[in-house]
$ cat data_32.pdb   # PDB, C-alpha atoms
ATOM      1  CA  PHE R 232       0.000   0.000   0.000
ATOM      2  CA  PHE R 233       2.800   2.407   0.871
ATOM      3  CA  CYS R 234       4.506   1.797  -2.493
ATOM      4  CA  LEU R 235       1.249   2.456  -4.350
ATOM      5  CA  LEU R 236       0.767   5.697  -2.424
ATOM      6  CA  VAL R 237       4.286   6.867  -3.318
ATOM      7  CA  LEU R 238       3.703   6.063  -6.997
ATOM      8  CA  LEU R 239       0.416   7.982  -6.940
ATOM      9  CA  LEU R 240       2.057  11.050  -5.402
ATOM     10  CA  LEU R 241       4.843  10.939  -8.000
ATOM     11  CA  TRP R 242       2.287  10.714 -10.793
ATOM     12  CA  CYS R 243       0.334  13.717  -9.480
ATOM     13  CA  ARG R 244       3.515  15.739  -9.227
ATOM     14  CA  LEU R 245       4.440  14.780 -12.776
ATOM     15  CA  MET R 246       1.087  15.951 -14.134
ATOM     16  CA  ARG R 247       1.403  19.292 -12.312
ATOM     17  CA  SER R 248       4.830  20.034 -13.731
ATOM     18  CA  SER R 249       5.069  23.176 -15.832
ATOM     19  CA  LEU R 250       7.487  21.662 -18.334
ATOM     20  CA  PRO R 251       5.635  21.078 -21.642
ATOM     21  CA  GLY R 252       7.424  17.853 -22.444
ATOM     22  CA  VAL R 253       6.697  16.493 -18.964
ATOM     23  CA  ARG R 254       3.102  17.649 -18.704
ATOM     24  CA  SER R 255       2.189  15.908 -21.919
ATOM     25  CA  GLY R 256       3.083  12.613 -20.257
ATOM     26  CA  LEU R 257       2.447   9.455 -22.206
ATOM     27  CA  TRP R 258      -0.264  11.101 -24.317
ATOM     28  CA  GLY R 259       2.147  13.393 -26.130
ATOM     29  CA  ILE R 260       5.140  11.159 -26.855
ATOM     30  CA  TRP R 261       4.032  10.154 -30.351
ATOM     31  CA  LEU R 262       3.887  13.792 -31.467
ATOM     32  CA  ILE R 263       7.546  14.688 -30.868
ATOM     33  CA  GLY R 264       8.423  14.543 -34.566
ATOM     34  CA  PRO R 265       5.434  16.400 -36.110
ATOM     35  CA  ALA R 266       5.322  18.865 -33.206
ATOM     36  CA  ALA R 267       8.909  19.903 -33.844
ATOM     37  CA  MET R 268       8.208  20.232 -37.563
ATOM     38  CA  THR R 269       5.240  22.560 -37.172
ATOM     39  CA  GLY R 270       6.333  24.692 -34.235
ATOM     40  CA  PHE R 271       3.823  23.265 -31.740
ATOM     41  CA  SER R 272       4.840  22.283 -28.264
ATOM     42  CA  LEU R 273       3.545  18.966 -26.991
ATOM     43  CA  THR R 274       1.101  20.687 -24.675
ATOM     44  CA  HIS R 275      -0.941  21.751 -27.709
ATOM     45  CA  TYR R 276      -2.088  18.188 -28.270
ATOM     46  CA  GLN R 277      -2.473  16.729 -24.819
ATOM     47  CA  HIS R 278      -5.422  14.464 -25.411
ATOM     48  CA  GLY R 279      -8.225  15.306 -23.043
ATOM     49  CA  ILE R 280      -6.133  17.634 -20.843
ATOM     50  CA  GLU R 281      -6.066  21.142 -22.324
ATOM     51  CA  ASP R 282      -8.152  23.102 -24.790
ATOM     52  CA  VAL R 283      -6.415  24.376 -27.913
ATOM     53  CA  LYS R 284      -6.580  28.171 -28.019
ATOM     54  CA  THR R 285      -7.842  29.260 -31.432
ATOM     55  CA  ALA R 286      -8.359  32.587 -33.182
ATOM     56  CA  VAL R 287     -10.586  33.296 -36.169
ATOM     57  CA  MET R 288      -9.905  36.046 -38.710
ATOM     58  CA  ILE R 289     -12.817  37.426 -40.746
ATOM     59  CA  SER R 290     -13.761  40.232 -43.099
ATOM     60  CA  GLY R 291     -17.525  39.905 -43.387
ATOM     61  CA  ARG R 292     -20.635  38.218 -42.042
ATOM     62  CA  GLY R 293     -18.765  35.313 -40.470
ATOM     63  CA  SER R 294     -20.997  32.359 -41.393
ATOM     64  CA  ASN R 295     -18.067  29.919 -41.326
ATOM     65  CA  MET R 296     -16.893  31.507 -38.084
ATOM     66  CA  ALA R 297     -20.359  30.834 -36.653
ATOM     67  CA  ALA R 298     -20.076  27.174 -37.675
ATOM     68  CA  LEU R 299     -16.694  26.964 -35.941
ATOM     69  CA  LEU R 300     -18.163  28.571 -32.817
ATOM     70  CA  ASP R 301     -21.075  26.131 -32.786
ATOM     71  CA  TYR R 302     -18.581  23.275 -32.679
ATOM     72  CA  ALA R 303     -15.958  24.818 -30.408
ATOM     73  CA  THR R 304     -18.423  25.905 -27.716
ATOM     74  CA  GLN R 305     -19.608  22.335 -27.087
ATOM     75  CA  PRO R 306     -18.200  21.360 -23.682
ATOM     76  CA  GLU R 307     -16.531  18.162 -24.861
ATOM     77  CA  THR R 308     -14.649  19.611 -27.865
ATOM     78  CA  ARG R 309     -11.004  20.681 -27.734
ATOM     79  CA  PRO R 310     -10.814  23.968 -29.699
ATOM     80  CA  GLU R 311     -11.325  27.065 -27.572
ATOM     81  CA  ILE R 312     -11.975  30.139 -29.697
ATOM     82  CA  VAL R 313     -10.536  32.981 -27.634
ATOM     83  CA  LEU R 314     -10.433  35.814 -30.176
ATOM     84  CA  VAL R 315     -12.040  36.938 -33.442
ATOM     85  CA  VAL R 316     -10.099  39.532 -35.432
ATOM     86  CA  ALA R 317     -11.527  41.488 -38.359
ATOM     87  CA  ASP R 318      -9.890  43.858 -40.816
ATOM     88  CA  GLY R 319     -12.752  46.298 -40.399
ATOM     89  CA  PRO R 320     -16.227  46.643 -38.832
ATOM     90  CA  ALA R 321     -17.353  43.161 -39.931
ATOM     91  CA  PRO R 322     -20.886  41.967 -39.017
ATOM     92  CA  GLY R 323     -19.370  38.691 -37.806
ATOM     93  CA  LEU R 324     -17.890  40.473 -34.805
ATOM     94  CA  ASP R 325     -21.390  40.868 -33.363
ATOM     95  CA  ILE R 326     -21.968  37.112 -33.647
ATOM     96  CA  ALA R 327     -18.725  36.419 -31.804
ATOM     97  CA  ALA R 328     -19.530  38.969 -29.105
ATOM     98  CA  ARG R 329     -22.900  37.308 -28.479
ATOM     99  CA  HIS R 330     -20.984  34.083 -27.806
ATOM    100  CA  GLY R 331     -18.859  35.914 -25.243
ATOM    101  CA  ILE R 332     -15.751  35.809 -27.454
ATOM    102  CA  LYS R 333     -13.279  38.683 -27.394
ATOM    103  CA  THR R 334     -13.325  40.643 -30.649
ATOM    104  CA  LEU R 335     -10.993  43.120 -32.258
ATOM    105  CA  ALA R 336     -11.449  45.273 -35.370
ATOM    106  CA  LEU R 337      -8.233  46.442 -37.027
ATOM    107  CA  PRO R 338      -9.257  48.419 -40.131
ATOM    108  CA  ARG R 339      -6.519  48.395 -42.746
ATOM    109  CA  PRO R 340      -6.848  52.163 -43.480
ATOM    110  CA  ASP R 341      -5.835  52.877 -39.879
ATOM    111  CA  PHE R 342      -2.303  51.621 -40.610
ATOM    112  CA  ALA R 343       0.394  53.136 -42.782
ATOM    113  CA  SER R 344       1.435  49.846 -44.371
ATOM    114  CA  ARG R 345       0.534  46.184 -44.614
ATOM    115  CA  ARG R 346       3.533  45.470 -42.425
ATOM    116  CA  ASP R 347       2.158  47.684 -39.651
ATOM    117  CA  HIS R 348      -1.298  46.160 -40.027
ATOM    118  CA  GLU R 349       0.026  42.603 -39.780
ATOM    119  CA  ALA R 350       2.202  43.564 -36.818
ATOM    120  CA  ALA R 351      -0.924  44.689 -34.971
ATOM    121  CA  ILE R 352      -2.709  41.443 -35.850
ATOM    122  CA  LYS R 353       0.272  39.377 -34.712
ATOM    123  CA  ASP R 354       0.402  41.302 -31.445
ATOM    124  CA  ALA R 355      -3.285  40.562 -30.869
ATOM    125  CA  LEU R 356      -2.759  36.864 -31.572
ATOM    126  CA  THR R 357       0.143  36.575 -29.153
ATOM    127  CA  THR R 358      -0.661  38.956 -26.296
ATOM    128  CA  ASP R 359      -1.689  37.463 -22.977
ATOM    129  CA  ALA R 360      -4.433  40.020 -22.408
ATOM    130  CA  LEU R 361      -6.428  38.998 -25.482
ATOM    131  CA  THR R 362      -5.608  35.337 -26.033
ATOM    132  CA  LYS R 363      -4.692  33.818 -22.657
ATOM    133  CA  GLY R 364      -1.049  33.475 -23.592
ATOM    134  CA  GLY R 365      -1.179  33.293 -27.375
ATOM    135  CA  VAL R 366      -3.182  31.247 -29.840
ATOM    136  CA  GLU R 367      -2.162  27.841 -31.108
ATOM    137  CA  LEU R 368      -4.397  27.643 -34.179
ATOM    138  CA  ILE R 369      -5.712  30.316 -36.542
ATOM    139  CA  CYS R 370      -8.712  29.870 -38.828
ATOM    140  CA  LEU R 371      -9.253  32.286 -41.706
ATOM    141  CA  ALA R 372     -13.004  32.413 -42.317
ATOM    142  CA  GLY R 373     -13.714  34.770 -45.173
ATOM    143  CA  TYR R 374     -10.647  36.884 -44.436
ATOM    144  CA  MET R 375     -10.194  38.757 -47.697
ATOM    145  CA  ARG R 376      -6.607  40.012 -47.475
ATOM    146  CA  LEU R 377      -3.497  38.250 -48.663
ATOM    147  CA  LEU R 378      -1.034  37.727 -45.836
ATOM    148  CA  SER R 379       2.682  38.328 -46.260
ATOM    149  CA  ALA R 380       5.277  35.559 -46.425
ATOM    150  CA  ASP R 381       6.677  36.728 -43.075
ATOM    151  CA  PHE R 382       3.295  36.506 -41.363
ATOM    152  CA  CYS R 383       2.633  33.071 -42.848
ATOM    153  CA  ARG R 384       6.039  31.817 -41.704
ATOM    154  CA  ASP R 385       5.346  33.018 -38.165
ATOM    155  CA  PHE R 386       2.282  30.754 -38.025
ATOM    156  CA  GLU R 387       3.394  27.979 -40.367
ATOM    157  CA  GLY R 388       1.479  24.769 -39.832
ATOM    158  CA  ARG R 389      -0.922  26.528 -37.464
ATOM    159  CA  MET R 390      -3.050  28.621 -39.836
ATOM    160  CA  ILE R 391      -5.788  27.201 -42.061
ATOM    161  CA  ASN R 392      -8.309  28.592 -44.522
ATOM    162  CA  ILE R 393     -11.466  27.389 -46.235
ATOM    163  CA  HIS R 394     -11.965  28.127 -49.927
ATOM    164  CA  PRO R 395     -15.134  27.548 -51.999
ATOM    165  CA  SER R 396     -13.646  25.403 -54.756
ATOM    166  CA  LEU R 397     -11.893  22.095 -55.248
ATOM    167  CA  LEU R 398      -8.360  23.440 -55.171
ATOM    168  CA  PRO R 399      -6.201  23.802 -57.162
ATOM    169  CA  LEU R 400      -9.167  24.693 -59.389
ATOM    170  CA  HIS R 401     -10.633  28.191 -59.312
ATOM    171  CA  LYS R 402      -8.455  30.149 -56.919
ATOM    172  CA  GLY R 403      -9.483  33.650 -55.923
ATOM    173  CA  LEU R 404     -12.982  35.126 -56.244
ATOM    174  CA  ASP R 405     -16.138  34.153 -58.177
ATOM    175  CA  THR R 406     -15.386  30.454 -57.843
ATOM    176  CA  HIS R 407     -18.959  29.285 -58.403
ATOM    177  CA  GLN R 408     -19.357  31.153 -61.682
ATOM    178  CA  LYS R 409     -15.941  29.895 -62.753
ATOM    179  CA  ALA R 410     -17.062  26.312 -62.102
ATOM    180  CA  ILE R 411     -20.208  26.828 -64.189
ATOM    181  CA  ASP R 412     -18.309  28.543 -67.011
ATOM    182  CA  ALA R 413     -15.759  25.717 -67.047
ATOM    183  CA  GLY R 414     -18.507  23.116 -67.356
ATOM    184  CA  ASP R 415     -17.383  21.349 -64.175
ATOM    185  CA  ALA R 416     -19.402  18.269 -63.278
ATOM    186  CA  VAL R 417     -18.493  18.616 -59.614
ATOM    187  CA  HIS R 418     -17.688  21.565 -57.387
ATOM    188  CA  GLY R 419     -17.052  21.979 -53.683
ATOM    189  CA  CYS R 420     -14.797  23.393 -50.989
ATOM    190  CA  SER R 421     -11.285  22.876 -49.636
ATOM    191  CA  VAL R 422      -9.552  23.453 -46.314
ATOM    192  CA  HIS R 423      -5.844  24.135 -46.683
ATOM    193  CA  PHE R 424      -2.838  25.357 -44.749
ATOM    194  CA  VAL R 425      -2.133  29.027 -45.426
ATOM    195  CA  THR R 426       0.963  30.114 -47.322
ATOM    196  CA  ALA R 427       1.852  33.412 -48.961
ATOM    197  CA  GLY R 428       0.363  32.361 -52.302
ATOM    198  CA  MET R 429      -3.328  32.937 -52.941
ATOM    199  CA  ASP R 430      -5.239  29.756 -51.979
ATOM    200  CA  ASP R 431      -1.993  27.918 -52.585
ATOM    201  CA  GLY R 432      -1.129  26.012 -49.392
ATOM    202  CA  PRO R 433      -1.243  22.230 -48.944
ATOM    203  CA  VAL R 434      -4.810  20.934 -49.069
ATOM    204  CA  ILE R 435      -6.045  19.182 -45.919
ATOM    205  CA  ALA R 436      -9.507  18.028 -46.970
ATOM    206  CA  GLN R 437     -12.239  18.618 -49.543
ATOM    207  CA  ARG R 438     -15.964  17.993 -49.958
ATOM    208  CA  GLN R 439     -17.760  17.970 -53.283
ATOM    209  CA  LEU R 440     -21.201  17.946 -54.849
ATOM    210  CA  ALA R 441     -22.633  17.615 -58.346
ATOM    211  CA  VAL R 442     -23.189  20.731 -60.448
ATOM    212  CA  HIS R 443     -26.757  20.747 -61.757
ATOM    213  CA  ALA R 444     -27.660  21.877 -65.259
ATOM    214  CA  ASP R 445     -29.882  24.637 -63.855
ATOM    215  CA  ASP R 446     -27.402  25.838 -61.220
ATOM    216  CA  THR R 447     -26.595  29.524 -60.997
ATOM    217  CA  ALA R 448     -23.648  30.997 -59.158
ATOM    218  CA  ASP R 449     -25.991  31.836 -56.268
ATOM    219  CA  SER R 450     -27.618  28.408 -56.021
ATOM    220  CA  LEU R 451     -24.241  26.702 -56.218
ATOM    221  CA  ALA R 452     -22.824  29.053 -53.586
ATOM    222  CA  GLY R 453     -25.656  28.214 -51.206
ATOM    223  CA  ARG R 454     -25.171  24.454 -51.541
ATOM    224  CA  VAL R 455     -21.376  24.672 -51.242
ATOM    225  CA  LEU R 456     -21.713  26.858 -48.153
ATOM    226  CA  GLY R 457     -23.551  24.002 -46.456
ATOM    227  CA  LEU R 458     -20.540  21.760 -47.152
ATOM    228  CA  GLU R 459     -18.196  24.418 -45.763
ATOM    229  CA  HIS R 460     -20.134  24.562 -42.503
ATOM    230  CA  GLN R 461     -19.629  20.804 -42.110
ATOM    231  CA  LEU R 462     -16.028  20.497 -43.270
ATOM    232  CA  TYR R 463     -14.392  23.414 -41.482
ATOM    233  CA  PRO R 464     -15.342  22.479 -37.903
ATOM    234  CA  LEU R 465     -14.490  18.844 -38.678
ATOM    235  CA  VAL R 466     -10.958  19.833 -39.719
ATOM    236  CA  LEU R 467     -10.573  22.160 -36.738
ATOM    237  CA  GLY R 468     -11.610  19.364 -34.397
ATOM    238  CA  ALA R 469      -9.156  16.942 -36.010
ATOM    239  CA  MET R 470      -6.310  19.441 -35.736
ATOM    240  CA  ALA R 471      -7.089  20.108 -32.092
ATOM    241  CA  GLU R 472      -6.962  16.357 -31.435
ATOM    242  CA  GLY R 473      -3.550  16.113 -33.128
ATOM    243  CA  LEU R 474      -4.825  14.049 -36.058
ATOM    244  CA  ILE R 475      -3.561  16.479 -38.717
ATOM    245  CA  THR R 476      -0.029  17.868 -38.927
ATOM    246  CA  LEU R 477       2.079  19.567 -41.578
ATOM    247  CA  LYS R 478       5.490  18.059 -42.273
ATOM    248  CA  GLY R 479       7.297  20.197 -44.809
ATOM    249  CA  GLU R 480       4.806  20.442 -47.673
ATOM    250  CA  THR R 481       3.060  17.189 -46.772
ATOM    251  CA  VAL R 482      -0.143  16.959 -44.761
ATOM    252  CA  GLU R 483      -0.075  13.933 -42.472
ATOM    253  CA  HIS R 484      -3.290  12.399 -41.127
ATOM    254  CA  ARG R 485      -4.136   9.917 -38.397
ATOM    255  CA  SER R 486      -7.575   8.360 -38.125
ATOM    256  CA  GLY R 487      -9.429   8.773 -34.871
ATOM    257  CA  PRO R 488     -12.682   9.691 -33.126
ATOM    258  CA  LEU R 489     -13.735  13.292 -32.625
ATOM    259  CA  PRO R 490     -15.883  14.653 -29.800
ATOM    260  CA  GLY R 491     -18.935  16.797 -30.361
ATOM    261  CA  VAL R 492     -21.599  16.987 -33.042
ATOM    262  CA  ILE R 493     -21.826  18.820 -36.370
ATOM    263  CA  THR R 494     -25.165  19.472 -38.059
ATOM    264  CA  ASP R 495     -26.019  16.941 -40.790
ATOM    265  CA  LEU R 496     -22.964  14.779 -40.045
ATOM    266  CA  THR R 497     -23.339  11.303 -38.567
ATOM    267  CA  SER R 498     -22.389  10.969 -34.896
ATOM    268  CA  PRO R 499     -20.115   9.908 -33.376
ATOM    269  CA  LEU R 500     -17.719  11.918 -35.512
ATOM    270  CA  THR R 501     -14.526  10.372 -36.851
ATOM    271  CA  TRP R 502     -11.558  11.621 -38.851
ATOM    272  CA  GLN R 503     -10.425   9.237 -41.582
ATOM    273  CA  ALA R 504      -6.804   9.397 -42.742
TER     274      ALA R 504
END
$ encode --input "data_32.pdb" --output "structure tokens"
Amino acid sequence: FFCLLVLLLLWCRLMRSSLPGVRSGLWGIWLIGPAAMTGFSLTHYQHGIEDVKTAVMISGRGSNMAALLDYATQPETRPEIVLVVADGPAPGLDIAARHGIKTLALPRPDFASRRDHEAAIKDALTTDALTKGGVELICLAGYMRLLSADFCRDFEGRMINIHPSLLPLHKGLDTHQKAIDAGDAVHGCSVHFVTAGMDDGPVIAQRQLAVHADDTADSLAGRVLGLEHQLYPLVLGAMAEGLITLKGETVEHRSGPLPGVITDLTSPLTWQA
């Protein structure tokens, strides 16, 4: 009995240690390689121990941000959205505020250069006051500005975006009309890691649907948006569980269960490699 008590006390002390590599314990050992590659510490993916602090960047109404919030605010899910940043007075900020999320508007005209603007965004993403010690994941959700190579390098492997096309097809704007004009039989959406190129980072996952003969750009946009609202929180959940990592230019996946529910997706959720 005495030996068991000593072992229990040692285990409790181990779990309370402030060293990231120690706190992760046995749960984090398998992530040493990918964690080093992407700039994450092991504490980011401690299964079932800590939430993963996440920021969302928007420019408009924030419908994808709302889908992420619906998933992240479920008590059993790992992502914790701690900040929503907009490049102006975006309507999506009101949605975030109603969820009790800190919001910040940084209008581009208020800054002399893109460098100054991005410096302010980076400060918001890393300051203790706004993000509880700095964010670990960043989701671009309708953020309409290209980010510099320096900014993308600072958050390499930690910043993702959703785009309304089956990349590498139809980068940029007006993707639904481009799909119709090209005579595409299928169309859809992609989640990808963010790099300095426009919609050019490694693709993580895609969902597709058939293009109907009577589709317009608006009808196609509405149906694809439904796919986006399913795919984006699914990818965020998988990243928070450590099932998706970026190694160089290669996206690596591990299959596994995901907590929470997503509208119109079968529960329990799973991520398939």
$ residues_around --input "data_32.pdb" --residues "segment 327-336 of chain R" --least-positions-apart "5" --cutoff "8 Å" --atoms "only C-alpha atoms" --output "list in words"
Ala297, Leu300, Ile312, Val313, Leu314, Val315, Val316, Ala317, Asp318, Gly319, Pro320, Ala321 and Leu361 of chain R
$ atom_distance --input "data_32.pdb" --atom1 "atom CA of Asp282 of chain R" --atom2 "atom CA of Thr494 of chain R"
21.9 Å
$ resolve_selection --input "data_32.pdb" --expression "the PyMOL selection byres ((chain R and resi 455) around 10)" --output "list in words"
Pro395, Ser396, His407, His418, Gly419, Cys420, Arg438, Gln439, Leu440, Asp449, Ser450, Leu451, Ala452, Gly453, Arg454, Leu456, Gly457, Leu458, Glu459 and His460 of chain R
$ residues_near_point --input "data_32.pdb" --point "(-22.6, 39.7, -42.6)" --cutoff "8 Å" --atoms "all atoms listed in the file" --output "ChimeraX atom specification"
/R:291-294,321-323
$ write_last_selection --input "data_32.pdb" --atoms "C-alpha atoms" --output "mmCIF file, in the frame of the given file"
data_model
loop_
_atom_site.group_PDB
_atom_site.id
_atom_site.type_symbol
_atom_site.label_atom_id
_atom_site.label_comp_id
_atom_site.auth_asym_id
_atom_site.auth_seq_id
_atom_site.Cartn_x
_atom_site.Cartn_y
_atom_site.Cartn_z
ATOM 1 C CA GLY R 291 -17.525 39.905 -43.387
ATOM 2 C CA ARG R 292 -20.635 38.218 -42.042
ATOM 3 C CA GLY R 293 -18.765 35.313 -40.470
ATOM 4 C CA SER R 294 -20.997 32.359 -41.393
ATOM 5 C CA ALA R 321 -17.353 43.161 -39.931
ATOM 6 C CA PRO R 322 -20.886 41.967 -39.017
ATOM 7 C CA GLY R 323 -19.370 38.691 -37.806
#
$ resolve_selection --input "data_32.pdb" --expression "the PyMOL selection byres ((chain R and resi 364) around 12)" --output "compact mmCIF listing (two decimals) with C-alpha atoms, in the coordinates of the input"
# COMPACT_ATOMS: atom_id res chain seq x y z
CA VAL R 283 -6.42 24.38 -27.91
CA LYS R 284 -6.58 28.17 -28.02
CA THR R 285 -7.84 29.26 -31.43
CA VAL R 313 -10.54 32.98 -27.63
CA LEU R 314 -10.43 35.81 -30.18
CA ASP R 354 0.40 41.30 -31.44
CA ALA R 355 -3.28 40.56 -30.87
CA LEU R 356 -2.76 36.86 -31.57
CA THR R 357 0.14 36.58 -29.15
CA THR R 358 -0.66 38.96 -26.30
CA ASP R 359 -1.69 37.46 -22.98
CA ALA R 360 -4.43 40.02 -22.41
CA LEU R 361 -6.43 39.00 -25.48
CA THR R 362 -5.61 35.34 -26.03
CA LYS R 363 -4.69 33.82 -22.66
CA GLY R 365 -1.18 33.29 -27.38
CA VAL R 366 -3.18 31.25 -29.84
CA GLU R 367 -2.16 27.84 -31.11
$ resolve_selection --input "data_32.pdb" --expression "the PyMOL selection byres ((chain R and resi 403) around 9)" --output "list of chain:residue names"
R:His394, R:His401, R:Lys402, R:Leu404, R:Asp405, R:Thr406, R:Met429, R:Asp430
$ atom_distance --input "data_32.pdb" --atom1 "atom CA of Leu397 of chain R" --atom2 "atom CA of His423 of chain R"
10.7 Å
$ atom_distance --input "data_32.pdb" --atom1 "atom CA of Phe386 of chain R" --atom2 "atom CA of Arg346 of chain R"
15.4 Å
$ axis_aligned_box --input "data_32.pdb" --around "segment 410-421 of chain R" --padding-each-side "3 Å" --output "JSON"
{"center_x": -15.7, "center_y": 23.4, "center_z": -58.5, "size_x": 14.9, "size_y": 16.3, "size_z": 23.7}
$ residues_around --input "data_32.pdb" --residues "Arg345 of chain R" --least-positions-apart "5" --cutoff "9 Å" --atoms "all atoms listed in the file" --output "PDB file with C-alpha atoms, in the frame of the given file"
ATOM      1  CA  ARG R 339      -6.519  48.395 -42.746  1.00  0.00           C
ATOM      2  CA  ALA R 350       2.202  43.564 -36.818  1.00  0.00           C
ATOM      3  CA  LEU R 378      -1.034  37.727 -45.836  1.00  0.00           C
ATOM      4  CA  SER R 379       2.682  38.328 -46.260  1.00  0.00           C
TER       5      SER R 379
END
$ closest_residue --input "data_32.pdb" --among "R:Ala427, R:Ile352, R:Leu368, R:Leu400" --to "Ala380 of chain R" --atoms "only C-alpha atoms"
R:Ala427
$ closest_residue --input "data_32.pdb" --among "R:Gly479, R:Pro488, R:Pro306, R:Pro399" --to "Gln437 of chain R" --atoms "only C-alpha atoms"
R:Pro399
$ closest_residue --input "data_32.pdb" --among "R:His443, R:Arg376, R:Arg485, R:Arg384" --to "Ile289 of chain R" --atoms "only C-alpha atoms"
R:Arg376
$ residues_around --input "data_32.pdb" --residues "Leu465 of chain R" --least-positions-apart "4" --cutoff "9 Å" --atoms "only C-alpha atoms" --output "list in words"
Leu299, Tyr302, His460, Gln461, Ala469, Met470, Leu489, Ile493, Leu500, Thr501 and Trp502 of chain R
